[in-house]
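Quick notes on the structure that follows.
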Amino acid sequence: MSHLGENLTAFLDGALSPAEREEALHHLAGCAACRAEEARLRGALAALAALPLPPEPSPAFEQRFHARLARQRSERRGWLARLPARWVLPAAAACAAAVLAVGVELRQRRELEHAARHLDLLESYEAVEAAGDVPPEDAELVAHLHELGGER
Amino acid sequence: MVPDPDAALLLAFQRGDESAFRTLFERHARSMVAFCHHFVRDQARAEELAQDVFLKLHQAAPRYQPSARFQTFLYRIASNHCLNELRRGEHQARRAAGADGEPAEPDALPGHGATPEEAARGAALERAVARMLAGLPEKQRLALVLCRFQGLSYEEIAGVLETTVPAVKSLVHRATVAAAEALAPWAPGEERRS
């Protein structure tokens, strides 16, 4: 016959299901060894229950906690506040330089893209003519090109 | 799920309500000091550890998910903190040096209580329990303290220890058997089930 084992402590703690509890009670009724173990464990629980009550927090406990909390917050803020003198300004300058560099890069890229698009337009003599504001020699060239185009 | 008023307070604190945190502190300060005292057996140190736990709670609050019960969240922080304290070993060594040479008989030394005899018995029992707890593996110790002194259910302990209920059942059983051996001199002789 197997004994109650871990179920014995769970039985004492009221942690068994109703069916398990019934089973444990039935087993205890017929098993002297488990009844002896039950008595031993009940003795331990009674000894633990007889321990003096744990100490109450001292009157200044809460006050000390809030002082520590305030100090912790102040240290966190202080850490941030100390940064600008040594770290934040150089870091901010580096960030600004990086943003500026990215801006310049983007602008250069945009100009190149625009030039590329414009180059396409310049390759079209029609676009050059449409621009209107062309030197006379270019206008002559455009007209010549028109003639050439009309011959095709 | 049963509504958890403490969880609601912590969520209110997440939204910036400082008074909600103060209420949580007031509700749980006593149980935290008692819990920590079971690991260090020293009032001042237990209070310091309990304060540490609340400072950690204050910092960890933004990470709290309402799917976990507040009590589970708090005891998980406290358990880890107390175990770390024990692992650091400073206090353990100090207490061992003070306790090992003392007698462990039920009627040994004077202390606090209704009568000098009761006080002496209580103080000796405290030392015997402290020695028993110190001899347990970490998880058994936590399970025993959470179950026998803090009144948590097996399910709640499983949440704190991040394990299963059957595992907690085993931990609590083994720790209780160890307590029965260590505390036999304090067990009432007439404690028998009828």
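Residue numbering restarts at 1 in every chain; chains get A, B, ... in the order shown in the structure tokens, and ligands count up from 1 in that same order.
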Open item on the list: Set the cut-off to 10 Å and count only C-alpha atoms: what are the residues of chain A that reach chain B? Output as a VMD selection string.
Closed with: chain A and resid 5 to 10 13 to 15 35 to 58 61 to 62 64 to 66 68 to 69 72
For the residues in the current selection, export N, CA and C atoms as a CSV table (one decimal), in the first residue's frame.
```
chain,number,residue,atom,x,y,z
A,5,GLY,N,2.4,10.5,1.4
A,5,GLY,CA,3.5,11.3,0.9
A,5,GLY,C,3.1,12.7,0.9
A,6,GLU,N,3.4,13.4,-0.3
A,6,GLU,CA,3.2,14.8,-0.4
A,6,GLU,C,1.7,15.2,-0.2
A,7,ASN,N,0.8,14.3,-0.5
A,7,ASN,CA,-0.6,14.6,-0.3
A,7,ASN,C,-0.9,14.8,1.2
A,8,LEU,N,-0.1,14.3,2.1
A,8,LEU,CA,-0.4,14.4,3.5
A,8,LEU,C,-0.2,15.9,3.9
A,9,THR,N,0.8,16.5,3.5
A,9,THR,CA,1.0,18.0,3.8
A,9,THR,C,-0.1,18.8,3.1
A,10,ALA,N,-0.4,18.4,1.9
A,10,ALA,CA,-1.4,19.2,1.1
A,10,ALA,C,-2.8,18.9,1.8
A,13,ASP,N,-2.9,21.2,4.7
A,13,ASP,CA,-3.0,22.6,4.2
A,13,ASP,C,-4.4,22.9,3.5
A,14,GLY,N,-5.2,21.9,3.4
A,14,GLY,CA,-6.5,22.1,2.7
A,14,GLY,C,-6.3,22.3,1.3
A,15,ALA,N,-5.3,21.7,0.7
A,15,ALA,CA,-5.0,22.0,-0.7
A,15,ALA,C,-5.3,20.8,-1.6
A,35,ARG,N,-0.8,7.9,9.9
A,35,ARG,CA,-1.4,8.7,11.1
A,35,ARG,C,-0.3,9.2,12.0
A,36,ALA,N,0.8,8.4,12.1
A,36,ALA,CA,1.9,8.9,12.9
A,36,ALA,C,2.6,10.1,12.2
A,37,GLU,N,2.8,10.0,10.9
A,37,GLU,CA,3.4,11.1,10.2
A,37,GLU,C,2.5,12.3,10.2
A,38,GLU,N,1.2,12.1,10.2
A,38,GLU,CA,0.3,13.2,10.2
A,38,GLU,C,0.5,14.0,11.6
A,39,ALA,N,0.6,13.2,12.6
A,39,ALA,CA,0.7,13.8,14.0
A,39,ALA,C,2.0,14.6,14.1
A,40,ARG,N,3.1,14.0,13.5
A,40,ARG,CA,4.4,14.6,13.5
A,40,ARG,C,4.4,16.0,12.7
A,41,LEU,N,3.7,16.0,11.6
A,41,LEU,CA,3.6,17.2,10.8
A,41,LEU,C,2.7,18.2,11.5
A,42,ARG,N,1.7,17.8,12.1
A,42,ARG,CA,0.8,18.7,12.8
A,42,ARG,C,1.6,19.3,14.0
A,43,GLY,N,2.4,18.6,14.6
A,43,GLY,CA,3.3,19.1,15.7
A,43,GLY,C,4.2,20.2,15.1
A,44,ALA,N,4.7,20.0,13.9
A,44,ALA,CA,5.6,21.1,13.3
A,44,ALA,C,4.8,22.3,13.0
A,45,LEU,N,3.6,22.1,12.5
A,45,LEU,CA,2.8,23.3,12.2
A,45,LEU,C,2.4,24.0,13.4
A,46,ALA,N,2.1,23.3,14.5
A,46,ALA,CA,1.8,23.9,15.8
A,46,ALA,C,3.0,24.7,16.3
A,47,ALA,N,4.2,24.1,16.2
A,47,ALA,CA,5.4,24.8,16.7
A,47,ALA,C,5.6,26.1,15.9
A,48,LEU,N,5.4,26.0,14.5
A,48,LEU,CA,5.6,27.2,13.7
A,48,LEU,C,4.5,28.3,14.1
A,49,ALA,N,3.3,27.8,14.4
A,49,ALA,CA,2.2,28.8,14.7
A,49,ALA,C,2.5,29.4,16.1
A,50,ALA,N,3.3,28.8,16.9
A,50,ALA,CA,3.6,29.3,18.2
A,50,ALA,C,4.7,30.3,18.2
A,51,LEU,N,5.3,30.5,17.0
A,51,LEU,CA,6.4,31.5,17.0
A,51,LEU,C,5.9,32.9,17.4
A,52,PRO,N,6.7,33.7,18.1
A,52,PRO,CA,6.3,35.1,18.4
A,52,PRO,C,5.9,35.8,17.1
A,53,LEU,N,5.0,36.7,17.2
A,53,LEU,CA,4.6,37.5,16.0
A,53,LEU,C,5.8,38.2,15.4
A,54,PRO,N,5.9,38.3,14.1
A,54,PRO,CA,7.0,39.1,13.5
A,54,PRO,C,7.0,40.5,14.0
A,55,PRO,N,8.1,41.2,14.0
A,55,PRO,CA,8.1,42.6,14.5
A,55,PRO,C,7.3,43.5,13.6
A,56,GLU,N,6.6,44.5,14.2
A,56,GLU,CA,5.9,45.5,13.5
A,56,GLU,C,7.0,46.5,12.9
A,57,PRO,N,6.7,47.1,11.8
A,57,PRO,CA,7.6,48.2,11.3
A,57,PRO,C,7.7,49.3,12.3
A,58,SER,N,8.9,49.8,12.5
A,58,SER,CA,9.1,50.8,13.5
A,58,SER,C,8.3,52.1,13.0
A,61,PHE,N,9.5,53.9,10.0
A,61,PHE,CA,9.7,53.1,8.8
A,61,PHE,C,9.2,53.8,7.5
A,62,GLU,N,7.9,54.2,7.6
A,62,GLU,CA,7.3,54.9,6.4
A,62,GLU,C,8.1,56.2,6.0
A,64,ARG,N,11.1,57.0,6.7
A,64,ARG,CA,12.4,56.7,6.1
A,64,ARG,C,12.3,56.2,4.7
A,65,PHE,N,11.3,55.4,4.4
A,65,PHE,CA,11.1,54.9,3.1
A,65,PHE,C,10.9,56.1,2.1
A,66,HIS,N,10.0,57.0,2.5
A,66,HIS,CA,9.7,58.2,1.6
A,66,HIS,C,10.9,59.1,1.4
A,68,ARG,N,14.0,57.9,1.4
A,68,ARG,CA,14.9,57.2,0.5
A,68,ARG,C,14.3,57.3,-0.9
A,69,LEU,N,13.0,57.3,-1.1
A,69,LEU,CA,12.4,57.4,-2.4
A,69,LEU,C,12.7,58.8,-3.0
A,72,GLN,N,16.3,58.8,-4.0
A,72,GLN,CA,16.5,58.1,-5.2
A,72,GLN,C,16.1,58.9,-6.4
```
Task: Thr23 (chain B) environment, 12 Å, only C-alpha atoms, sequence neighbours closer than 4 positions dropped, as a list in words - done: Glu62 of chain A; Pro5, Asp6, Ala7, Ala8, Leu9, Leu10, Ala12, Phe13, Asp17, Glu18, Ser19, Arg27, His28, Ala29 and Phe54 of chain B
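Here CA of Gln14 (chain B) is placed at a distance of 25.8 Å from CA of Ala158 (chain B).
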TODO: Run DSSP on the backbone of this structure and report the residues of region 38-92 of chain B it assigns to helix (DSSP H, G or I), as number ranges by chain.
DONE: B: 38-40, 43-63, 70-88, 90-92
Produce a file of the selected residues containing N, CA and C atoms, as a compact mmCIF listing (two decimals), in the first residue's frame.
```
# COMPACT_ATOMS: atom_id res chain seq x y z
N HIS B 38 12.09 36.96 8.04
CA HIS B 38 12.32 35.51 8.02
C HIS B 38 13.63 35.15 7.33
N PHE B 39 14.22 36.09 6.62
CA PHE B 39 15.48 35.80 5.94
C PHE B 39 16.69 36.38 6.67
N VAL B 40 16.48 37.46 7.40
CA VAL B 40 17.65 38.08 8.04
C VAL B 40 17.59 38.11 9.56
N GLN B 43 15.60 43.20 12.88
CA GLN B 43 14.55 44.19 12.62
C GLN B 43 15.02 45.30 11.68
N ALA B 44 16.16 45.90 12.00
CA ALA B 44 16.63 47.03 11.19
C ALA B 44 16.92 46.60 9.76
N ARG B 45 17.57 45.43 9.63
CA ARG B 45 17.91 44.95 8.28
C ARG B 45 16.66 44.55 7.52
N ALA B 46 15.69 43.94 8.23
CA ALA B 46 14.43 43.55 7.58
C ALA B 46 13.71 44.79 7.05
N GLU B 47 13.71 45.86 7.83
CA GLU B 47 13.06 47.09 7.38
C GLU B 47 13.77 47.68 6.17
N GLU B 48 15.09 47.61 6.21
CA GLU B 48 15.87 48.13 5.08
C GLU B 48 15.56 47.33 3.80
N LEU B 49 15.51 46.00 3.96
CA LEU B 49 15.21 45.14 2.81
C LEU B 49 13.80 45.42 2.28
N ALA B 50 12.85 45.57 3.21
CA ALA B 50 11.47 45.85 2.79
C ALA B 50 11.40 47.17 2.04
N GLN B 51 12.15 48.15 2.51
CA GLN B 51 12.18 49.44 1.80
C GLN B 51 12.78 49.26 0.40
N ASP B 52 13.84 48.44 0.33
CA ASP B 52 14.44 48.14 -0.99
C ASP B 52 13.38 47.57 -1.93
N VAL B 53 12.56 46.65 -1.38
CA VAL B 53 11.53 46.00 -2.20
C VAL B 53 10.57 47.04 -2.76
N PHE B 54 10.15 47.99 -1.91
CA PHE B 54 9.22 49.01 -2.39
C PHE B 54 9.90 49.98 -3.37
N LEU B 55 11.17 50.24 -3.17
CA LEU B 55 11.88 51.08 -4.15
C LEU B 55 11.94 50.36 -5.50
N LYS B 56 12.19 49.04 -5.44
CA LYS B 56 12.21 48.25 -6.68
C LYS B 56 10.83 48.22 -7.32
N LEU B 57 9.80 48.09 -6.46
CA LEU B 57 8.42 48.10 -6.98
C LEU B 57 8.14 49.43 -7.68
N HIS B 58 8.59 50.51 -7.08
CA HIS B 58 8.38 51.84 -7.65
C HIS B 58 9.01 51.93 -9.03
N GLN B 59 10.19 51.34 -9.16
CA GLN B 59 10.90 51.39 -10.45
C GLN B 59 10.30 50.41 -11.46
N ALA B 60 9.83 49.25 -10.94
CA ALA B 60 9.34 48.19 -11.84
C ALA B 60 7.89 48.41 -12.23
N ALA B 61 7.20 49.31 -11.58
CA ALA B 61 5.75 49.49 -11.81
C ALA B 61 5.40 49.67 -13.29
N PRO B 62 6.19 50.43 -14.07
CA PRO B 62 5.82 50.60 -15.48
C PRO B 62 5.78 49.28 -16.25
N ARG B 63 6.50 48.27 -15.75
CA ARG B 63 6.54 46.98 -16.46
C ARG B 63 5.41 46.04 -16.01
N PHE B 70 -1.17 41.44 -8.17
CA PHE B 70 -0.20 42.34 -7.56
C PHE B 70 0.64 41.60 -6.52
N GLN B 71 -0.03 40.78 -5.70
CA GLN B 71 0.69 40.08 -4.63
C GLN B 71 1.81 39.20 -5.19
N THR B 72 1.51 38.55 -6.31
CA THR B 72 2.52 37.72 -6.98
C THR B 72 3.70 38.58 -7.42
N PHE B 73 3.37 39.72 -8.03
CA PHE B 73 4.40 40.65 -8.53
C PHE B 73 5.28 41.12 -7.38
N LEU B 74 4.64 41.51 -6.27
CA LEU B 74 5.37 42.06 -5.12
C LEU B 74 6.26 40.98 -4.48
N TYR B 75 5.68 39.80 -4.24
CA TYR B 75 6.47 38.74 -3.59
C TYR B 75 7.59 38.21 -4.49
N ARG B 76 7.40 38.32 -5.79
CA ARG B 76 8.48 37.90 -6.69
C ARG B 76 9.67 38.84 -6.53
N ILE B 77 9.38 40.12 -6.47
CA ILE B 77 10.45 41.11 -6.25
C ILE B 77 11.11 40.85 -4.90
N ALA B 78 10.27 40.66 -3.87
CA ALA B 78 10.79 40.48 -2.51
C ALA B 78 11.60 39.19 -2.39
N SER B 79 11.11 38.12 -3.01
CA SER B 79 11.82 36.83 -2.93
C SER B 79 13.19 36.93 -3.57
N ASN B 80 13.23 37.52 -4.76
CA ASN B 80 14.52 37.66 -5.44
C ASN B 80 15.47 38.52 -4.62
N HIS B 81 14.93 39.58 -4.04
CA HIS B 81 15.78 40.49 -3.27
C HIS B 81 16.33 39.79 -2.02
N CYS B 82 15.47 39.07 -1.31
CA CYS B 82 15.93 38.39 -0.09
C CYS B 82 16.92 37.27 -0.41
N LEU B 83 16.67 36.55 -1.49
CA LEU B 83 17.61 35.49 -1.86
C LEU B 83 18.97 36.09 -2.24
N ASN B 84 18.93 37.19 -2.96
CA ASN B 84 20.20 37.86 -3.30
C ASN B 84 20.92 38.30 -2.05
N GLU B 85 20.15 38.77 -1.09
CA GLU B 85 20.75 39.20 0.18
C GLU B 85 21.44 38.00 0.86
N LEU B 86 20.75 36.87 0.85
CA LEU B 86 21.33 35.67 1.47
C LEU B 86 22.58 35.23 0.72
N ARG B 87 22.49 35.32 -0.61
CA ARG B 87 23.64 34.87 -1.42
C ARG B 87 24.86 35.75 -1.19
N ARG B 88 24.59 37.02 -0.92
CA ARG B 88 25.73 37.90 -0.63
C ARG B 88 26.47 37.41 0.61
N GLU B 90 26.71 38.18 3.62
CA GLU B 90 27.20 38.99 4.73
C GLU B 90 26.36 38.74 5.99
N HIS B 91 25.07 38.86 5.79
CA HIS B 91 24.20 38.76 6.96
C HIS B 91 24.19 37.33 7.49
N GLN B 92 24.17 36.38 6.54
CA GLN B 92 24.15 34.97 6.92
C GLN B 92 25.32 34.67 7.85
```
